[in-house]
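Q: Contents of upload-v6.cif (mmCIF, C-alpha atoms):
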data_coords
#
loop_
_atom_site.group_PDB
_atom_site.id
_atom_site.type_symbol
_atom_site.label_atom_id
_atom_site.label_comp_id
_atom_site.auth_asym_id
_atom_site.auth_seq_id
_atom_site.Cartn_x
_atom_site.Cartn_y
_atom_site.Cartn_z
ATOM 1 C CA MET A 18 15.026 11.205 -0.368
ATOM 2 C CA GLY A 19 11.948 9.155 -1.173
ATOM 3 C CA LYS A 20 10.097 9.422 -4.445
ATOM 4 C CA VAL A 21 6.449 9.868 -5.373
ATOM 5 C CA VAL A 22 5.125 7.802 -8.272
ATOM 6 C CA ILE A 23 1.669 8.589 -9.671
ATOM 7 C CA MET A 24 0.601 5.572 -11.724
ATOM 8 C CA ASP A 25 -0.297 6.237 -15.353
ATOM 9 C CA HIS A 26 -0.625 2.645 -16.534
ATOM 10 C CA PRO A 27 -3.797 2.202 -18.629
ATOM 11 C CA LEU A 28 -4.871 -0.959 -16.761
ATOM 12 C CA ILE A 29 -4.641 0.787 -13.391
ATOM 13 C CA GLN A 30 -6.597 3.801 -14.616
ATOM 14 C CA HIS A 31 -9.224 1.584 -16.233
ATOM 15 C CA LYS A 32 -9.744 -0.461 -13.063
ATOM 16 C CA ILE A 33 -9.798 2.562 -10.742
ATOM 17 C CA SER A 34 -12.574 4.106 -12.827
ATOM 18 C CA ILE A 35 -14.733 1.001 -12.341
ATOM 19 C CA LEU A 36 -13.799 0.961 -8.655
ATOM 20 C CA ARG A 37 -15.162 4.495 -8.206
ATOM 21 C CA SER A 38 -18.631 3.759 -9.581
ATOM 22 C CA VAL A 39 -21.548 3.577 -7.153
ATOM 23 C CA THR A 40 -22.841 0.620 -9.179
ATOM 24 C CA THR A 41 -19.786 -1.546 -8.413
ATOM 25 C CA GLY A 42 -20.816 -4.147 -5.837
ATOM 26 C CA THR A 43 -18.776 -5.671 -3.009
ATOM 27 C CA LYS A 44 -17.562 -8.747 -4.925
ATOM 28 C CA ASP A 45 -16.307 -6.762 -7.903
ATOM 29 C CA PHE A 46 -14.908 -4.059 -5.637
ATOM 30 C CA ARG A 47 -12.793 -6.594 -3.736
ATOM 31 C CA GLU A 48 -11.537 -8.173 -6.938
ATOM 32 C CA LEU A 49 -10.586 -4.791 -8.386
ATOM 33 C CA ILE A 50 -8.728 -3.811 -5.205
ATOM 34 C CA THR A 51 -6.743 -7.061 -5.484
ATOM 35 C CA GLU A 52 -5.951 -6.523 -9.154
ATOM 36 C CA ILE A 53 -4.898 -2.891 -8.681
ATOM 37 C CA ALA A 54 -2.709 -3.819 -5.714
ATOM 38 C CA THR A 55 -0.935 -6.427 -7.835
ATOM 39 C CA LEU A 56 -0.265 -3.897 -10.582
ATOM 40 C CA GLU A 57 1.007 -1.312 -8.105
ATOM 41 C CA CYS A 58 3.184 -3.929 -6.407
ATOM 42 C CA TYR A 59 4.857 -4.637 -9.743
ATOM 43 C CA GLU A 60 5.876 -0.986 -10.014
ATOM 44 C CA ALA A 61 6.825 -0.620 -6.336
ATOM 45 C CA THR A 62 9.239 -3.572 -6.526
ATOM 46 C CA ARG A 63 11.044 -2.284 -9.618
ATOM 47 C CA ASP A 64 14.165 -1.237 -7.690
ATOM 48 C CA LEU A 65 14.554 -4.228 -5.362
ATOM 49 C CA LYS A 66 18.163 -5.381 -5.316
ATOM 50 C CA LEU A 67 19.131 -8.613 -7.071
ATOM 51 C CA GLU A 68 21.892 -11.117 -6.497
ATOM 52 C CA GLU A 69 23.259 -13.718 -8.908
ATOM 53 C CA TYR A 70 23.287 -17.471 -8.273
ATOM 54 C CA PRO A 71 23.956 -20.612 -10.351
ATOM 55 C CA VAL A 72 21.040 -22.340 -12.085
ATOM 56 C CA VAL A 73 21.181 -25.665 -13.902
ATOM 57 C CA THR A 74 18.885 -25.755 -16.933
ATOM 58 C CA PRO A 75 18.056 -28.795 -19.140
ATOM 59 C CA MET A 76 20.624 -27.402 -21.598
ATOM 60 C CA GLY A 77 23.451 -26.484 -19.229
ATOM 61 C CA ASN A 78 24.409 -23.896 -16.646
ATOM 62 C CA ALA A 79 23.068 -20.371 -16.329
ATOM 63 C CA VAL A 80 23.456 -17.398 -14.044
ATOM 64 C CA GLY A 81 20.144 -16.718 -12.338
ATOM 65 C CA LYS A 82 18.994 -13.662 -10.430
ATOM 66 C CA ARG A 83 16.920 -13.502 -7.257
ATOM 67 C CA ILE A 84 15.770 -10.871 -4.791
ATOM 68 C CA GLU A 85 18.739 -10.151 -2.521
ATOM 69 C CA GLY A 86 18.049 -11.282 1.021
ATOM 70 C CA LYS A 87 14.349 -11.928 0.247
ATOM 71 C CA LYS A 88 13.319 -10.256 3.513
ATOM 72 C CA LEU A 89 10.090 -8.435 2.707
ATOM 73 C CA ALA A 90 7.021 -7.501 4.733
ATOM 74 C CA ILE A 91 3.522 -6.322 3.826
ATOM 75 C CA ILE A 92 1.863 -4.131 6.442
ATOM 76 C CA PRO A 93 -1.808 -3.260 5.839
ATOM 77 C CA ILE A 94 -3.335 -0.405 7.797
ATOM 78 C CA LEU A 95 -6.541 -1.893 9.209
ATOM 79 C CA ARG A 96 -9.073 -2.364 8.110
ATOM 80 C CA ALA A 97 -9.239 -1.242 4.486
ATOM 81 C CA GLY A 98 -5.588 -2.119 3.888
ATOM 82 C CA LEU A 99 -6.501 -5.807 4.245
ATOM 83 C CA GLY A 100 -8.148 -5.603 0.836
ATOM 84 C CA MET A 101 -4.781 -4.972 -0.845
ATOM 85 C CA VAL A 102 -2.914 -7.851 0.826
ATOM 86 C CA PRO A 103 -4.007 -10.686 -1.543
ATOM 87 C CA GLY A 104 -2.852 -8.663 -4.550
ATOM 88 C CA MET A 105 0.513 -7.987 -2.931
ATOM 89 C CA GLU A 106 0.910 -11.650 -1.950
ATOM 90 C CA THR A 107 0.373 -12.682 -5.568
ATOM 91 C CA LEU A 108 3.797 -11.252 -6.384
ATOM 92 C CA LEU A 109 5.399 -11.528 -2.933
ATOM 93 C CA PRO A 110 4.190 -14.913 -1.625
ATOM 94 C CA ALA A 111 7.103 -15.320 0.819
ATOM 95 C CA ALA A 112 6.637 -11.894 2.438
ATOM 96 C CA LYS A 113 5.607 -11.799 6.083
ATOM 97 C CA VAL A 114 2.451 -9.856 6.940
ATOM 98 C CA GLY A 115 2.049 -7.552 9.922
ATOM 99 C CA HIS A 116 -0.917 -5.406 10.903
ATOM 100 C CA ILE A 117 -1.338 -1.852 12.142
ATOM 101 C CA GLY A 118 -4.784 -0.892 13.426
ATOM 102 C CA LEU A 119 -5.761 2.765 13.165
ATOM 103 C CA TYR A 120 -9.150 4.423 12.907
ATOM 104 C CA ARG A 121 -10.028 8.022 12.233
ATOM 105 C CA ASP A 122 -11.809 10.000 14.918
ATOM 106 C CA GLU A 123 -14.882 11.345 13.131
ATOM 107 C CA GLU A 124 -14.725 14.686 14.964
ATOM 108 C CA THR A 125 -11.016 15.501 14.981
ATOM 109 C CA LEU A 126 -10.158 13.423 11.858
ATOM 110 C CA GLU A 127 -7.032 12.331 13.760
ATOM 111 C CA PRO A 128 -5.904 8.671 13.708
ATOM 112 C CA VAL A 129 -6.313 6.560 16.839
ATOM 113 C CA GLU A 130 -4.153 3.444 17.300
ATOM 114 C CA TYR A 131 -5.809 0.244 18.514
ATOM 115 C CA PHE A 132 -3.568 -2.598 17.258
ATOM 116 C CA CYS A 133 0.019 -3.277 16.183
ATOM 117 C CA LYS A 134 1.409 -6.747 15.417
ATOM 118 C CA LEU A 135 4.623 -6.919 13.381
ATOM 119 C CA PRO A 136 7.089 -9.663 12.400
ATOM 120 C CA SER A 137 9.800 -9.991 15.067
ATOM 121 C CA ASP A 138 12.523 -9.171 12.515
ATOM 122 C CA ILE A 139 10.663 -6.238 10.952
ATOM 123 C CA ALA A 140 13.700 -3.935 11.299
ATOM 124 C CA GLN A 141 15.638 -6.140 8.851
ATOM 125 C CA ARG A 142 12.886 -6.180 6.244
ATOM 126 C CA GLU A 143 11.894 -4.010 3.308
ATOM 127 C CA VAL A 144 8.393 -2.902 4.231
ATOM 128 C CA PHE A 145 5.403 -2.279 1.975
ATOM 129 C CA VAL A 146 2.647 -0.389 3.828
ATOM 130 C CA VAL A 147 -0.730 -0.588 2.080
ATOM 131 C CA ASP A 148 -3.954 1.399 2.463
ATOM 132 C CA PRO A 149 -6.398 2.078 -0.388
ATOM 133 C CA MET A 150 -6.998 5.727 0.567
ATOM 134 C CA LEU A 151 -4.587 8.501 1.538
ATOM 135 C CA ALA A 152 -6.936 11.256 2.738
ATOM 136 C CA THR A 153 -5.582 13.549 5.467
ATOM 137 C CA GLY A 154 -2.429 11.436 5.677
ATOM 138 C CA GLY A 155 -2.750 11.025 9.442
ATOM 139 C CA SER A 156 -3.021 7.237 9.512
ATOM 140 C CA ALA A 157 -0.156 6.743 7.078
ATOM 141 C CA ILE A 158 2.072 9.147 9.019
ATOM 142 C CA ASP A 159 1.294 7.377 12.296
ATOM 143 C CA ALA A 160 1.957 3.983 10.709
ATOM 144 C CA MET A 161 5.365 5.177 9.492
ATOM 145 C CA ASN A 162 6.149 6.537 12.964
ATOM 146 C CA MET A 163 5.306 3.167 14.513
ATOM 147 C CA LEU A 164 7.434 1.264 12.001
ATOM 148 C CA LYS A 165 10.401 3.563 12.487
ATOM 149 C CA GLN A 166 10.080 3.125 16.243
ATOM 150 C CA HIS A 167 10.522 -0.599 15.564
ATOM 151 C CA GLY A 168 13.726 0.100 13.621
ATOM 152 C CA CYS A 169 12.388 0.071 10.026
ATOM 153 C CA SER A 170 14.419 2.152 7.595
ATOM 154 C CA ARG A 171 13.300 0.851 4.189
ATOM 155 C CA ILE A 172 9.620 1.677 3.765
ATOM 156 C CA ARG A 173 7.343 2.011 0.740
ATOM 157 C CA PHE A 174 3.729 3.188 0.919
ATOM 158 C CA LEU A 175 1.126 2.097 -1.631
ATOM 159 C CA CYS A 176 -2.358 3.575 -1.967
ATOM 160 C CA ILE A 177 -4.950 3.497 -4.704
ATOM 161 C CA ILE A 178 -6.366 7.014 -4.372
ATOM 162 C CA ALA A 179 -4.765 10.024 -2.678
ATOM 163 C CA ALA A 180 -5.804 13.586 -1.917
ATOM 164 C CA PRO A 181 -3.206 16.316 -2.509
ATOM 165 C CA GLU A 182 -3.455 17.321 1.157
ATOM 166 C CA GLY A 183 -2.635 13.823 2.378
ATOM 167 C CA LEU A 184 0.190 13.307 -0.090
ATOM 168 C CA GLU A 185 1.773 16.603 0.919
ATOM 169 C CA ALA A 186 1.448 15.803 4.626
ATOM 170 C CA LEU A 187 2.949 12.312 4.253
ATOM 171 C CA THR A 188 5.917 13.376 2.131
ATOM 172 C CA LYS A 189 6.626 16.271 4.491
ATOM 173 C CA ALA A 190 6.505 14.076 7.603
ATOM 174 C CA HIS A 191 8.431 11.172 6.028
ATOM 175 C CA PRO A 192 10.495 12.451 3.086
ATOM 176 C CA ASP A 193 12.520 9.211 3.043
ATOM 177 C CA VAL A 194 9.504 6.997 2.220
ATOM 178 C CA ASP A 195 8.734 6.047 -1.391
ATOM 179 C CA VAL A 196 5.045 6.647 -2.171
ATOM 180 C CA TYR A 197 3.093 4.923 -4.959
ATOM 181 C CA VAL A 198 -0.320 6.367 -5.861
ATOM 182 C CA GLY A 199 -2.874 4.911 -8.266
ATOM 183 C CA ALA A 200 -4.674 8.232 -8.796
ATOM 184 C CA LEU A 201 -4.223 11.702 -7.336
ATOM 185 C CA ASP A 202 -7.665 13.250 -6.806
ATOM 186 C CA ASP A 203 -8.854 16.841 -6.455
ATOM 187 C CA HIS A 204 -9.325 17.634 -2.761
ATOM 188 C CA LEU A 205 -10.704 16.662 0.642
ATOM 189 C CA ASN A 206 -14.209 17.756 1.621
ATOM 190 C CA GLU A 207 -15.129 19.125 5.046
ATOM 191 C CA ALA A 208 -15.722 15.608 6.371
ATOM 192 C CA GLY A 209 -12.207 14.548 5.344
ATOM 193 C CA TYR A 210 -13.293 12.378 2.408
ATOM 194 C CA ILE A 211 -11.461 12.386 -0.913
ATOM 195 C CA VAL A 212 -13.328 14.034 -3.817
ATOM 196 C CA PRO A 213 -14.240 12.524 -6.238
ATOM 197 C CA GLY A 214 -12.788 9.459 -4.502
ATOM 198 C CA LEU A 215 -14.895 6.324 -4.117
ATOM 199 C CA GLY A 216 -16.527 6.721 -0.706
ATOM 200 C CA ASP A 217 -15.425 4.639 2.283
ATOM 201 C CA ALA A 218 -13.076 1.932 1.002
ATOM 202 C CA GLY A 219 -13.456 -0.236 4.122
ATOM 203 C CA ASP A 220 -17.244 -0.244 3.906
ATOM 204 C CA ARG A 221 -17.160 -1.094 0.216
ATOM 205 C CA ILE A 222 -14.593 -3.900 0.644
ATOM 206 C CA PHE A 223 -16.407 -5.551 3.547
ATOM 207 C CA GLY A 224 -20.008 -4.661 2.667
ATOM 208 C CA THR A 225 -20.627 -2.628 5.805
ATOM 209 C CA LYS A 226 -22.181 0.771 6.372
#
Could you render the structure from this file as structure tokens?

A:
Amino acid sequence: MGKVVIMDHPLIQHKISILRSVTTGTKDFRELITEIATLECYEATRDLKLEEYPVVTPMGNAVGKRIEGKKLAIIPILRAGLGMVPGMETLLPAAKVGHIGLYRDEETLEPVEYFCKLPSDIAQREVFVVDPMLATGGSAIDAMNMLKQHGCSRIRFLCIIAAPEGLEALTKAHPDVDVYVGALDDHLNEAGYIVPGLGDAGDRIFGTK
């Protein structure tokens, strides 16, 4: 069974509060998304397996430890997920990056797929799916379905803000996926936006309306 981790680290909570503000401009918003993603990545990699190997230091020999296999992948859900990639790459510079393109139909609120490009060996990799917002959960669920169809069995999902409805839907559809959430908000409104949330993450990252 997967686990759900709601972040309580003071730095994450501090940065998310600034992220929410209507006065936070595009430049600062992007930087905060990067910083929060890095902090969440630190927590989400806590249980990666290690292997020992010999290291020669200036004073002699030591037993070092490294990530076993080192086969990792970062998969942003387009387009807002792109904002979290630089923060993830700060800690996982050797990870391959794939892309899953989904947009939400404004009338049905259902996700619509328009792009999928994954590393050829994705089935052998530990996968970190990133998207700043988990609202209805539809896009995340579809992304997991697509990855599993490509043979992925070790998947983690990272978001910055989640609605209870989306978190429940995702964990019900994919109980084997570990989920890391920066902040769990109150509810979804009738338009499918998280309240209090931060508005449209994609628009705020890229400066669009």

Q: Excluding Met101 (chain A) and its own-chain neighbours fewer than 6 positions away, which residues fall within 7 Å of it when counting only C-alpha atoms? Please give them as a CSV table (one decimal) with C-alpha atoms, in the frame of the given file.

A:
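Contents of selection_12.csv, freshly written:
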chain,number,residue,atom,x,y,z
A,50,ILE,CA,-8.7,-3.8,-5.2
A,51,THR,CA,-6.7,-7.1,-5.5
A,54,ALA,CA,-2.7,-3.8,-5.7
A,147,VAL,CA,-0.7,-0.6,2.1

Q: Take the PyMOL selection byres ((chain A and resi 71) around 7), apply it to the structure above, and return the hits as a PDB file with C-alpha atoms, in the frame of the given file.

A:
ATOM      1  CA  TYR A  70      23.287 -17.471  -8.273  1.00  0.00           C
ATOM      2  CA  VAL A  72      21.040 -22.340 -12.085  1.00  0.00           C
ATOM      3  CA  VAL A  73      21.181 -25.665 -13.902  1.00  0.00           C
ATOM      4  CA  ALA A  79      23.068 -20.371 -16.329  1.00  0.00           C
ATOM      5  CA  VAL A  80      23.456 -17.398 -14.044  1.00  0.00           C
ATOM      6  CA  GLY A  81      20.144 -16.718 -12.338  1.00  0.00           C
TER       7      GLY A  81
END

Q: List, as JSON, numbers by chain, every residue that the PyMOL selection byres ((chain A and resi 195) around 7) selects in the file provided.

A: {"A": [19, 20, 21, 172, 173, 174, 193, 194, 196, 197]}

Q: Can you pull out the residues contacting region 140-144 of chain A? Cut-off 9 Å, using only C-alpha atoms, and skip same-chain residues under 6 positions away; I want them as a PyMOL selection string.

A: chain A and resi 86-92+164-165+167-174

Q: The PyMOL selection byres ((chain A and resi 210-216) around 8) - which residues does that actually catch in the file I just gave you? List them as a PyMOL selection string.

A: chain A and resi 36-39+152+178-180+202-209+217-218+221

Q: Could you tell me how far CA of Gly219 (chain A) lies from CA of Met163 (chain A), in Å and to one decimal?

A: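 Taking CA of Gly219 (chain A) as the start and CA of Met163 (chain A) as the end point, the length is 21.7 Å.
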
Q: Counting all atoms listed in the file, which residue out of A:Leu201, A:Ile29, A:Ile177, A:Ile94 sits closest to Asp159 (chain A)?

A: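 Smallest distance to Asp159 (chain A) is found for A:Ile94.
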
Q: Hey, can you check how far CA of Thr41 (chain A) sits from CA of Ile222 (chain A)?

A: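 Answer for the CA of Thr41 (chain A) to CA of Ile222 (chain A) separation: 10.7 Å.
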
Q: Just the residues within 9 Å of region 108-122 of chain A, please, counting only C-alpha atoms, with nothing from its chain fewer than 2 positions along; format it as a ChimeraX atom specification.

A: /A:55,58-59,87-96,99,102,104-106,124-136,139,155-156,159-160,163

Q: Return as lines of an AutoDock Vina configuration file the box centre and box size in Å, one decimal, for an axis-aligned box around all listed atoms of region 124-135 of chain A padded by 4 Å per side.

A:
center_x = -5.1
center_y = 4.3
center_z = 15.2
size_x = 27.3
size_y = 30.4
size_z = 14.7

Q: Quick one, how far is CA of Leu184 (chain A) from CA of Gly42 (chain A)?

A: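 Interatomic distance here is 27.9 Å.
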
Q: Find, counting all atoms listed in the file, the residue in A:Met76, A:Ala186, A:Met18, A:Cys176 that gets nearest to Ala61 (chain A).

A: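 Under the stated criterion, the closest residue is A:Cys176.
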
Q: Go through A:Asp138, A:Glu57, A:Glu52, A:Asp45 one by one, measure the shortest atom-to-atom distance of each to His26 (chain A) using all atoms listed in the file, and give the residue with the smallest value.

A: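 Closest candidate: A:Glu57.
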
Q: Go through A:Lys66, A:Ala190, A:Pro75, A:Pro181 and flag the residue nearest Ala157 (chain A), using only C-alpha atoms for the distances.

A: A:Ala190
